[in-house]
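Reading through the structure tokens given below for one structure.
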Amino acid sequence: MTAVKRSMLLLALAACGAGDQGDAPLGPGGDGAGPPTGAGGQTCAVQVVLPRDPEPVASATTPVMVRAVVSEAPGTLHFQWQVRRDGTTIATTVQTSDGSQVSFLAPIAGVYDVRLDVLGALTGCPTVIQAVNVDAPDAVSAPYRIRVAPGLDAPAAPFETTTTIRGGATRQLGPLTAPPSVPIDFHVVAAATGAAVPALVHLIPLGAAFPDPGVANEAFSDAAGRVELRAPSGLADAIVVPVQPGLAAQRFTRVQPGAIFALTAATLTGSVRDPGGAPLAGAKVQLAVDGLPSSLATTASNGTFTVFAEAAAGQTLTLEVTPPAASGLPRLTATSSKLDVTAPLQIAYGANLTRRDLAGLVVTRDGAPLPRARLTVVGAIGAGGTVTTGGPPVVATGEVVLGAT
């Protein structure tokens with residue numbers, strides 16, 4: 001080997017070394033093809049890196065530096081660079097004798113796509129396309145939560161991540177990697193008959209709270225009552241809400257693959273009375289027990305209702321009563337953990353509620369009537385009614401929401 005050839009080989013090998021610890025690989029990138037494999041199982045690996053801190057800021061005078069790091073690529077390497085922004089080619093300047101580092105000016109903030117082709121390696125190297133974020137000067141940063149919900153047929157569970165995003169320009173956030181997950185299959189049946197039940201199954205990661213468990217991870221059971229979802233650890237709690245009437249929604253804890261969710265016909269009953277003490281028919285009533293929703297019921301002519309829900313002493317019970325639109329009454333809401341769930345719920349509107357007729361009011365603009373204007377009347381009532389089950393009453397707040405044209 002001549003002295004010239006030997007020096008060229010040493011230069012090529014030097015270009016194949018790992019990058020400095022002060023450099024950061026850019027992402028996402030790659031042309032979608034896996035790296036070629038040469039003789040002896042060697043695989044060429046290519047990265048484009050730039051200084052880790054600070055991130056490049058748009059400037060007409062201060063260039064952005066990028067550098068190639070190549071490994072497992074014996075041979076005499078040649079580096080071909082191309083930088084583009086919004087389809088426009090940006091001029092590059094070679095910074096090293098071997099061409100492994102270049103710079104470019106980025107006077108406009110945004111995403112610059114850097115393409116690198118490494119030629120001359122005996123194993124062959126993949127083309128790498130990396131995105132470089134160039135920040136706007138004095139841009140403000142803010143943290144954001146990103147929720148990802150893969151398709152039901154994807155081998156990944158929904159997940160959430162946080163990232164800091166700088167304003168002032170378009171940014172490439174990089175790849176979001178789904179954490180490992182385990183498939184869990186269930187069967188939903190009726191406890192009394194064992195028949196399959198159509199239901200919505202919502203998985204909640206262990207340690208999360210309901211009704212805000214974070215990332216939605218839910219699916220409907222099929223005709224056989226079967227549903228499959230994924231969980232990061234293979235263990236989770238599940239909320240099962242039946243679609244067919246006559247069964248109560250239930251929460252199951254620490255469920256495992258192959259679990260059978262047997263739903264019961266547990267009920268809660270009660271009645272609703274208007275401010276004069278008369279039964280209120282046609283009111284919509286729905287409860288939630290520790291955040292788990294009941295079925296929706298409509299009061300009968302005698303003001304009574306029955307909802308399907310499971311409840312135990314000490315659980316937090318939230319109820320909502322939506323009166324008939326023509327009644328002019330407010331919607332009632334009450335929450336308590338001290339109601340006796342074994343006794344009927346007695347819901348009564350406050351006797352001091354007085355209805356006012358707003359008909360005849362005129363909406364004007366600059367003194368002239370304003371036809372076809374849409375308006376909403378909203379009002380809050382601190383004590384709109386009470387809820388009792390034999391013990392001390394629980395105050396229900398009222399809310400008036402009326403619309404007109």
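Residue names in the structure tokens use chain letters A, B, ... in the order shown, residue numbers from 1 in each chain, and ligand numbers from 1 in the order shown.
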
message = Write out as a ChimeraX atom specification the set of residues from range 141-312 of chain A that DSSP, computed on the backbone, places in strand (DSSP E).
response = /A:141-148,159-166,182-190,199-205,218-220,226-231,236-242,250-255,259-263,267-273,284-289,292-293,297-298,304-308

Between range 288-395 of chain A and range 265-271 of chain A, at 10 Å or less, what are the per-residue closest atom pairs and their distances in Å? Count only C-alpha atoms, order by chain and rising residue number, and return it as a tab-separated table.
```
residue	atom	partner	partner_atom	distance
A:Ser294	CA	A:Thr267	CA	9.0
A:Ser295	CA	A:Thr267	CA	9.5
A:Ala297	CA	A:Thr269	CA	9.9
A:Thr299	CA	A:Ser271	CA	7.3
A:Ala300	CA	A:Ser271	CA	8.9
A:Asn302	CA	A:Ser271	CA	8.0
A:Gly303	CA	A:Ser271	CA	5.1
A:Thr304	CA	A:Ser271	CA	4.0
A:Phe305	CA	A:Gly270	CA	5.6
A:Thr306	CA	A:Thr269	CA	4.5
A:Val307	CA	A:Leu268	CA	5.4
A:Phe308	CA	A:Thr267	CA	4.3
A:Ala309	CA	A:Thr267	CA	5.2
A:Glu310	CA	A:Ala266	CA	5.5
A:Ala311	CA	A:Leu268	CA	8.1
A:Val341	CA	A:Leu268	CA	7.3
A:Thr342	CA	A:Leu268	CA	7.8
A:Ala343	CA	A:Thr269	CA	7.8
A:Pro344	CA	A:Gly270	CA	4.5
A:Leu345	CA	A:Gly270	CA	4.2
A:Gln346	CA	A:Ser271	CA	5.4
A:Ile347	CA	A:Ser271	CA	6.0
A:Ala348	CA	A:Ser271	CA	8.3
A:Val387	CA	A:Gly270	CA	9.8
A:Thr388	CA	A:Gly270	CA	9.8
A:Thr389	CA	A:Gly270	CA	9.0
```

File dump, residues just selected, C-alpha atoms, as a PDB file, in the first residue's frame:
```pdb
ATOM      1  CA  SER A 294     -75.961   5.235  35.669  1.00  0.00           C
ATOM      2  CA  SER A 295     -78.559   4.756  32.965  1.00  0.00           C
ATOM      3  CA  ALA A 297     -84.316   7.668  33.396  1.00  0.00           C
ATOM      4  CA  THR A 299     -89.817  10.363  35.685  1.00  0.00           C
ATOM      5  CA  ALA A 300     -93.265   8.832  35.357  1.00  0.00           C
ATOM      6  CA  ASN A 302     -96.208  10.157  39.635  1.00  0.00           C
ATOM      7  CA  GLY A 303     -92.659  11.617  39.575  1.00  0.00           C
ATOM      8  CA  THR A 304     -90.874   8.309  40.235  1.00  0.00           C
ATOM      9  CA  PHE A 305     -87.811   6.991  38.412  1.00  0.00           C
ATOM     10  CA  THR A 306     -85.523   3.955  38.341  1.00  0.00           C
ATOM     11  CA  VAL A 307     -81.934   3.989  37.140  1.00  0.00           C
ATOM     12  CA  PHE A 308     -79.577   1.047  36.743  1.00  0.00           C
ATOM     13  CA  ALA A 309     -76.497   1.619  38.908  1.00  0.00           C
ATOM     14  CA  GLU A 310     -74.492  -0.127  41.608  1.00  0.00           C
ATOM     15  CA  ALA A 311     -73.815   1.859  44.789  1.00  0.00           C
ATOM     16  CA  VAL A 341     -78.196   4.453  48.769  1.00  0.00           C
ATOM     17  CA  THR A 342     -80.480   1.676  50.077  1.00  0.00           C
ATOM     18  CA  ALA A 343     -83.411   4.099  50.394  1.00  0.00           C
ATOM     19  CA  PRO A 344     -85.291   5.905  47.585  1.00  0.00           C
ATOM     20  CA  LEU A 345     -83.927   9.324  46.660  1.00  0.00           C
ATOM     21  CA  GLN A 346     -86.420  12.075  47.442  1.00  0.00           C
ATOM     22  CA  ILE A 347     -85.615  15.031  45.178  1.00  0.00           C
ATOM     23  CA  ALA A 348     -87.615  18.216  45.773  1.00  0.00           C
ATOM     24  CA  VAL A 387     -82.168  15.485  48.192  1.00  0.00           C
ATOM     25  CA  THR A 388     -83.016  13.219  51.127  1.00  0.00           C
ATOM     26  CA  THR A 389     -82.955   9.506  51.866  1.00  0.00           C
TER      27      THR A 389
END
```

request  = Do a neighbour search on range 62-73 of chain A at 6 Å with only C-alpha atoms, toss out local chain neighbours closer than 4 positions, and write the hits as JSON, numbers by chain.
outcome  = {"A": [16, 19, 43, 44, 45, 46, 47, 48, 49, 50, 100, 101, 102, 103, 104, 105, 121]}

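Using only C-alpha atoms for every distance, the candidate list A:Pro183, A:Pro323, A:Pro275, A:Pro74 yields A:Pro275 as the residue closest to Gly350 in chain A.
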
query = With distances taken over only C-alpha atoms, which of A:Val57, A:Val321, A:Leu122, A:Ala404 is nearest to Leu375 in chain A?
reply = A:Ala404

request  = Write out as a ChimeraX atom specification the residues lying within 8 Å of Ile381 in chain A, counting only C-alpha atoms and excluding same-chain residues fewer than 4 positions away.
outcome  = /A:397-400

inquiry  = Residues near Lys338 in chain A, anyone? I mean within 9 Å using only C-alpha atoms, not counting same-chain ones fewer than 5 positions away, as a list in words.
reply    =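 Once the adjacent positions are removed, what remains is Ala313, Gly314, Gln315, Thr316, Leu317, Gly391, Pro392 and Val394 of chain A.
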
Output file for the residues above (all heavy atoms, as a PDB file, in the first residue's frame):
```
ATOM      1  N   ALA A 313     -72.525   2.092  50.495  1.00  0.00           N
ATOM      2  CA  ALA A 313     -72.415   3.150  51.499  1.00  0.00           C
ATOM      3  C   ALA A 313     -71.031   3.784  51.446  1.00  0.00           C
ATOM      4  O   ALA A 313     -70.012   3.091  51.324  1.00  0.00           O
ATOM      5  CB  ALA A 313     -72.677   2.574  52.887  1.00  0.00           C
ATOM      6  N   GLY A 314     -71.004   5.095  51.553  1.00  0.00           N
ATOM      7  CA  GLY A 314     -69.750   5.819  51.556  1.00  0.00           C
ATOM      8  C   GLY A 314     -69.275   6.256  50.187  1.00  0.00           C
ATOM      9  O   GLY A 314     -68.356   7.073  50.089  1.00  0.00           O
ATOM     10  N   GLN A 315     -69.861   5.723  49.124  1.00  0.00           N
ATOM     11  CA  GLN A 315     -69.473   6.155  47.792  1.00  0.00           C
ATOM     12  C   GLN A 315     -70.071   7.531  47.490  1.00  0.00           C
ATOM     13  O   GLN A 315     -71.127   7.891  48.002  1.00  0.00           O
ATOM     14  CB  GLN A 315     -69.927   5.146  46.736  1.00  0.00           C
ATOM     15  CG  GLN A 315     -69.147   3.837  46.786  1.00  0.00           C
ATOM     16  CD  GLN A 315     -69.554   2.886  45.669  1.00  0.00           C
ATOM     17  OE1 GLN A 315     -70.729   2.517  45.553  1.00  0.00           O
ATOM     18  NE2 GLN A 315     -68.599   2.495  44.847  1.00  0.00           N
ATOM     19  N   THR A 316     -69.392   8.281  46.651  1.00  0.00           N
ATOM     20  CA  THR A 316     -69.862   9.615  46.291  1.00  0.00           C
ATOM     21  C   THR A 316     -70.926   9.508  45.213  1.00  0.00           C
ATOM     22  O   THR A 316     -70.676   8.963  44.128  1.00  0.00           O
ATOM     23  CB  THR A 316     -68.708  10.492  45.807  1.00  0.00           C
ATOM     24  OG1 THR A 316     -67.753  10.620  46.862  1.00  0.00           O
ATOM     25  CG2 THR A 316     -69.200  11.871  45.409  1.00  0.00           C
ATOM     26  N   LEU A 317     -72.089  10.043  45.539  1.00  0.00           N
ATOM     27  CA  LEU A 317     -73.225   9.988  44.624  1.00  0.00           C
ATOM     28  C   LEU A 317     -73.471  11.390  44.061  1.00  0.00           C
ATOM     29  O   LEU A 317     -73.626  12.351  44.814  1.00  0.00           O
ATOM     30  CB  LEU A 317     -74.471   9.492  45.353  1.00  0.00           C
ATOM     31  CG  LEU A 317     -75.706   9.194  44.504  1.00  0.00           C
ATOM     32  CD1 LEU A 317     -75.458   7.984  43.632  1.00  0.00           C
ATOM     33  CD2 LEU A 317     -76.921   8.952  45.405  1.00  0.00           C
ATOM     34  N   GLY A 391     -82.211  10.785  56.030  1.00  0.00           N
ATOM     35  CA  GLY A 391     -81.329  11.513  56.934  1.00  0.00           C
ATOM     36  C   GLY A 391     -81.366  12.992  56.640  1.00  0.00           C
ATOM     37  O   GLY A 391     -82.319  13.508  56.044  1.00  0.00           O
ATOM     38  N   PRO A 392     -80.339  13.730  57.057  1.00  0.00           N
ATOM     39  CA  PRO A 392     -80.279  15.169  56.779  1.00  0.00           C
ATOM     40  C   PRO A 392     -80.315  15.430  55.271  1.00  0.00           C
ATOM     41  O   PRO A 392     -79.716  14.682  54.488  1.00  0.00           O
ATOM     42  CB  PRO A 392     -78.942  15.594  57.398  1.00  0.00           C
ATOM     43  CG  PRO A 392     -78.634  14.539  58.407  1.00  0.00           C
ATOM     44  CD  PRO A 392     -79.185  13.268  57.859  1.00  0.00           C
ATOM     45  N   VAL A 394     -79.554  17.014  51.586  1.00  0.00           N
ATOM     46  CA  VAL A 394     -78.397  17.513  50.850  1.00  0.00           C
ATOM     47  C   VAL A 394     -78.890  18.609  49.923  1.00  0.00           C
ATOM     48  O   VAL A 394     -79.866  18.431  49.194  1.00  0.00           O
ATOM     49  CB  VAL A 394     -77.724  16.384  50.044  1.00  0.00           C
ATOM     50  CG1 VAL A 394     -76.624  16.944  49.141  1.00  0.00           C
ATOM     51  CG2 VAL A 394     -77.160  15.325  50.973  1.00  0.00           C
TER      52      VAL A 394
END
```

Env of Val363 in chain A: 12 Å cut, atoms = only C-alpha atoms, seq-sep filter 2 positions within chain, self excluded. Answer as a PDB file with all heavy atoms, in the first residue's frame.
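Writing the result to around-v1.pdb gives the following:
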```pdb
ATOM      1  N   LEU A 358     -90.567  35.825  30.712  1.00  0.00           N
ATOM      2  CA  LEU A 358     -89.745  36.803  30.002  1.00  0.00           C
ATOM      3  C   LEU A 358     -90.320  37.164  28.641  1.00  0.00           C
ATOM      4  O   LEU A 358     -89.698  37.923  27.887  1.00  0.00           O
ATOM      5  CB  LEU A 358     -88.319  36.261  29.828  1.00  0.00           C
ATOM      6  CG  LEU A 358     -87.566  35.912  31.113  1.00  0.00           C
ATOM      7  CD1 LEU A 358     -86.153  35.438  30.790  1.00  0.00           C
ATOM      8  CD2 LEU A 358     -87.529  37.099  32.063  1.00  0.00           C
ATOM      9  N   ALA A 359     -91.472  36.608  28.316  1.00  0.00           N
ATOM     10  CA  ALA A 359     -92.085  36.916  27.014  1.00  0.00           C
ATOM     11  C   ALA A 359     -92.389  38.409  26.921  1.00  0.00           C
ATOM     12  O   ALA A 359     -92.802  39.043  27.895  1.00  0.00           O
ATOM     13  CB  ALA A 359     -93.373  36.113  26.838  1.00  0.00           C
ATOM     14  N   GLY A 360     -92.190  38.967  25.742  1.00  0.00           N
ATOM     15  CA  GLY A 360     -92.456  40.384  25.534  1.00  0.00           C
ATOM     16  C   GLY A 360     -91.230  41.258  25.608  1.00  0.00           C
ATOM     17  O   GLY A 360     -91.280  42.441  25.220  1.00  0.00           O
ATOM     18  N   LEU A 361     -90.109  40.721  26.132  1.00  0.00           N
ATOM     19  CA  LEU A 361     -88.877  41.500  26.140  1.00  0.00           C
ATOM     20  C   LEU A 361     -88.406  41.744  24.702  1.00  0.00           C
ATOM     21  O   LEU A 361     -88.517  40.867  23.851  1.00  0.00           O
ATOM     22  CB  LEU A 361     -87.779  40.778  26.920  1.00  0.00           C
ATOM     23  CG  LEU A 361     -87.994  40.641  28.441  1.00  0.00           C
ATOM     24  CD1 LEU A 361     -86.845  39.871  29.060  1.00  0.00           C
ATOM     25  CD2 LEU A 361     -88.113  42.010  29.084  1.00  0.00           C
ATOM     26  N   ARG A 365     -81.008  47.210  18.893  1.00  0.00           N
ATOM     27  CA  ARG A 365     -79.657  47.682  18.582  1.00  0.00           C
ATOM     28  C   ARG A 365     -79.783  49.117  18.086  1.00  0.00           C
ATOM     29  O   ARG A 365     -80.518  49.383  17.117  1.00  0.00           O
ATOM     30  CB  ARG A 365     -78.992  46.815  17.511  1.00  0.00           C
ATOM     31  CG  ARG A 365     -77.623  47.353  17.062  1.00  0.00           C
ATOM     32  CD  ARG A 365     -77.056  46.568  15.912  1.00  0.00           C
ATOM     33  NE  ARG A 365     -76.645  45.234  16.354  1.00  0.00           N
ATOM     34  CZ  ARG A 365     -76.320  44.248  15.505  1.00  0.00           C
ATOM     35  NH1 ARG A 365     -76.397  44.452  14.204  1.00  0.00           N
ATOM     36  NH2 ARG A 365     -75.955  43.071  15.978  1.00  0.00           N
ATOM     37  N   ASP A 366     -79.096  50.012  18.751  1.00  0.00           N
ATOM     38  CA  ASP A 366     -79.178  51.439  18.417  1.00  0.00           C
ATOM     39  C   ASP A 366     -80.628  51.924  18.409  1.00  0.00           C
ATOM     40  O   ASP A 366     -81.034  52.728  17.560  1.00  0.00           O
ATOM     41  CB  ASP A 366     -78.532  51.717  17.055  1.00  0.00           C
ATOM     42  CG  ASP A 366     -77.035  51.436  17.072  1.00  0.00           C
ATOM     43  OD1 ASP A 366     -76.431  51.545  18.152  1.00  0.00           O
ATOM     44  OD2 ASP A 366     -76.477  51.104  16.007  1.00  0.00           O
ATOM     45  N   GLY A 367     -81.427  51.364  19.329  1.00  0.00           N
ATOM     46  CA  GLY A 367     -82.803  51.795  19.471  1.00  0.00           C
ATOM     47  C   GLY A 367     -83.785  51.122  18.544  1.00  0.00           C
ATOM     48  O   GLY A 367     -85.004  51.309  18.677  1.00  0.00           O
ATOM     49  N   ALA A 368     -83.301  50.289  17.597  1.00  0.00           N
ATOM     50  CA  ALA A 368     -84.195  49.611  16.655  1.00  0.00           C
ATOM     51  C   ALA A 368     -84.317  48.143  17.030  1.00  0.00           C
ATOM     52  O   ALA A 368     -83.337  47.523  17.476  1.00  0.00           O
ATOM     53  CB  ALA A 368     -83.665  49.753  15.233  1.00  0.00           C
ATOM     54  N   PRO A 369     -85.507  47.531  16.880  1.00  0.00           N
ATOM     55  CA  PRO A 369     -85.686  46.106  17.169  1.00  0.00           C
ATOM     56  C   PRO A 369     -84.718  45.258  16.339  1.00  0.00           C
ATOM     57  O   PRO A 369     -84.434  45.585  15.179  1.00  0.00           O
ATOM     58  CB  PRO A 369     -87.138  45.845  16.775  1.00  0.00           C
ATOM     59  CG  PRO A 369     -87.795  47.176  16.850  1.00  0.00           C
ATOM     60  CD  PRO A 369     -86.759  48.174  16.444  1.00  0.00           C
ATOM     61  N   LEU A 370     -84.215  44.187  16.948  1.00  0.00           N
ATOM     62  CA  LEU A 370     -83.255  43.298  16.287  1.00  0.00           C
ATOM     63  C   LEU A 370     -83.913  41.937  16.074  1.00  0.00           C
ATOM     64  O   LEU A 370     -83.931  41.108  16.983  1.00  0.00           O
ATOM     65  CB  LEU A 370     -81.991  43.156  17.126  1.00  0.00           C
ATOM     66  CG  LEU A 370     -80.827  42.383  16.494  1.00  0.00           C
ATOM     67  CD1 LEU A 370     -80.332  43.091  15.242  1.00  0.00           C
ATOM     68  CD2 LEU A 370     -79.689  42.224  17.492  1.00  0.00           C
ATOM     69  N   PRO A 371     -84.488  41.694  14.909  1.00  0.00           N
ATOM     70  CA  PRO A 371     -85.176  40.419  14.674  1.00  0.00           C
ATOM     71  C   PRO A 371     -84.204  39.262  14.484  1.00  0.00           C
ATOM     72  O   PRO A 371     -83.035  39.461  14.134  1.00  0.00           O
ATOM     73  CB  PRO A 371     -85.961  40.687  13.386  1.00  0.00           C
ATOM     74  CG  PRO A 371     -85.141  41.710  12.661  1.00  0.00           C
ATOM     75  CD  PRO A 371     -84.547  42.574  13.731  1.00  0.00           C
ATOM     76  N   ARG A 372     -84.694  38.031  14.763  1.00  0.00           N
ATOM     77  CA  ARG A 372     -83.965  36.776  14.555  1.00  0.00           C
ATOM     78  C   ARG A 372     -82.670  36.684  15.367  1.00  0.00           C
ATOM     79  O   ARG A 372     -81.772  35.928  15.033  1.00  0.00           O
ATOM     80  CB  ARG A 372     -83.683  36.551  13.068  1.00  0.00           C
ATOM     81  CG  ARG A 372     -84.937  36.353  12.238  1.00  0.00           C
ATOM     82  CD  ARG A 372     -84.626  36.141  10.774  1.00  0.00           C
ATOM     83  NE  ARG A 372     -83.951  37.311  10.196  1.00  0.00           N
ATOM     84  CZ  ARG A 372     -84.587  38.408   9.784  1.00  0.00           C
ATOM     85  NH1 ARG A 372     -85.899  38.480   9.893  1.00  0.00           N
ATOM     86  NH2 ARG A 372     -83.924  39.418   9.260  1.00  0.00           N
ATOM     87  N   ALA A 373     -82.551  37.478  16.386  1.00  0.00           N
ATOM     88  CA  ALA A 373     -81.379  37.367  17.272  1.00  0.00           C
ATOM     89  C   ALA A 373     -81.551  36.153  18.182  1.00  0.00           C
ATOM     90  O   ALA A 373     -82.645  35.889  18.678  1.00  0.00           O
ATOM     91  CB  ALA A 373     -81.233  38.628  18.113  1.00  0.00           C
ATOM     92  N   ARG A 374     -80.495  35.418  18.363  1.00  0.00           N
ATOM     93  CA  ARG A 374     -80.536  34.255  19.258  1.00  0.00           C
ATOM     94  C   ARG A 374     -79.909  34.630  20.594  1.00  0.00           C
ATOM     95  O   ARG A 374     -78.819  35.197  20.635  1.00  0.00           O
ATOM     96  CB  ARG A 374     -79.807  33.078  18.622  1.00  0.00           C
ATOM     97  CG  ARG A 374     -80.577  32.460  17.464  1.00  0.00           C
ATOM     98  CD  ARG A 374     -79.897  31.238  16.922  1.00  0.00           C
ATOM     99  NE  ARG A 374     -78.637  31.576  16.240  1.00  0.00           N
ATOM    100  CZ  ARG A 374     -77.837  30.678  15.670  1.00  0.00           C
ATOM    101  NH1 ARG A 374     -78.159  29.402  15.728  1.00  0.00           N
ATOM    102  NH2 ARG A 374     -76.738  31.051  15.060  1.00  0.00           N
ATOM    103  N   LEU A 375     -80.627  34.324  21.667  1.00  0.00           N
ATOM    104  CA  LEU A 375     -80.116  34.676  22.994  1.00  0.00           C
ATOM    105  C   LEU A 375     -80.252  33.488  23.939  1.00  0.00           C
ATOM    106  O   LEU A 375     -81.083  32.602  23.741  1.00  0.00           O
ATOM    107  CB  LEU A 375     -80.853  35.893  23.547  1.00  0.00           C
ATOM    108  CG  LEU A 375     -82.378  35.792  23.729  1.00  0.00           C
ATOM    109  CD1 LEU A 375     -82.707  35.337  25.140  1.00  0.00           C
ATOM    110  CD2 LEU A 375     -83.031  37.131  23.449  1.00  0.00           C
ATOM    111  N   ALA A 404     -83.744  31.275  23.268  1.00  0.00           N
ATOM    112  CA  ALA A 404     -84.871  31.850  22.523  1.00  0.00           C
ATOM    113  C   ALA A 404     -84.345  32.532  21.265  1.00  0.00           C
ATOM    114  O   ALA A 404     -83.149  32.819  21.158  1.00  0.00           O
ATOM    115  CB  ALA A 404     -85.639  32.846  23.384  1.00  0.00           C
ATOM    116  N   THR A 405     -85.259  32.761  20.324  1.00  0.00           N
ATOM    117  CA  THR A 405     -84.946  33.492  19.100  1.00  0.00           C
ATOM    118  C   THR A 405     -85.907  34.638  18.940  1.00  0.00           C
ATOM    119  O   THR A 405     -87.132  34.430  19.059  1.00  0.00           O
ATOM    120  CB  THR A 405     -85.043  32.570  17.860  1.00  0.00           C
ATOM    121  OG1 THR A 405     -84.132  31.485  18.027  1.00  0.00           O
ATOM    122  CG2 THR A 405     -84.709  33.333  16.582  1.00  0.00           C
TER     123      THR A 405
END
```

task = Just the residues within 8 Å of range 233-244 of chain A, please, counting only C-alpha atoms, with nothing from its chain fewer than 3 positions along; format it as a PyMOL selection string.
result = chain A and resi 181-184+197-206+230+247-257+261+292

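The space separating CA of Asn133 in chain A from CA of Arg171 in chain A comes to 5.8 Å.
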
key: Given only C-alpha atoms as the counted atoms, nearest of A:Gln172, A:Thr298, A:Thr164, A:Thr264 to Val189 in chain A   =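 Answer, going by the shortest atom-to-atom distance: A:Thr264.
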
request  = Give me, please, the distance in Å between CA of Thr93 in chain A and CA of Trp81 in chain A, quoted to one decimal.
outcome  = 9.6 Å

d(CA of Ala334 in chain A, CA of Ser301 in chain A) in Å = 23.0 Å

message = Using only C-alpha atoms, can you tell me which of A:Ser327, A:Thr322, A:Thr193, A:Thr386 comes closest to Ala262 in chain A?
response =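 Between A:Ser327, A:Thr322, A:Thr193, A:Thr386, the residue approaching Ala262 in chain A most closely is A:Thr193.
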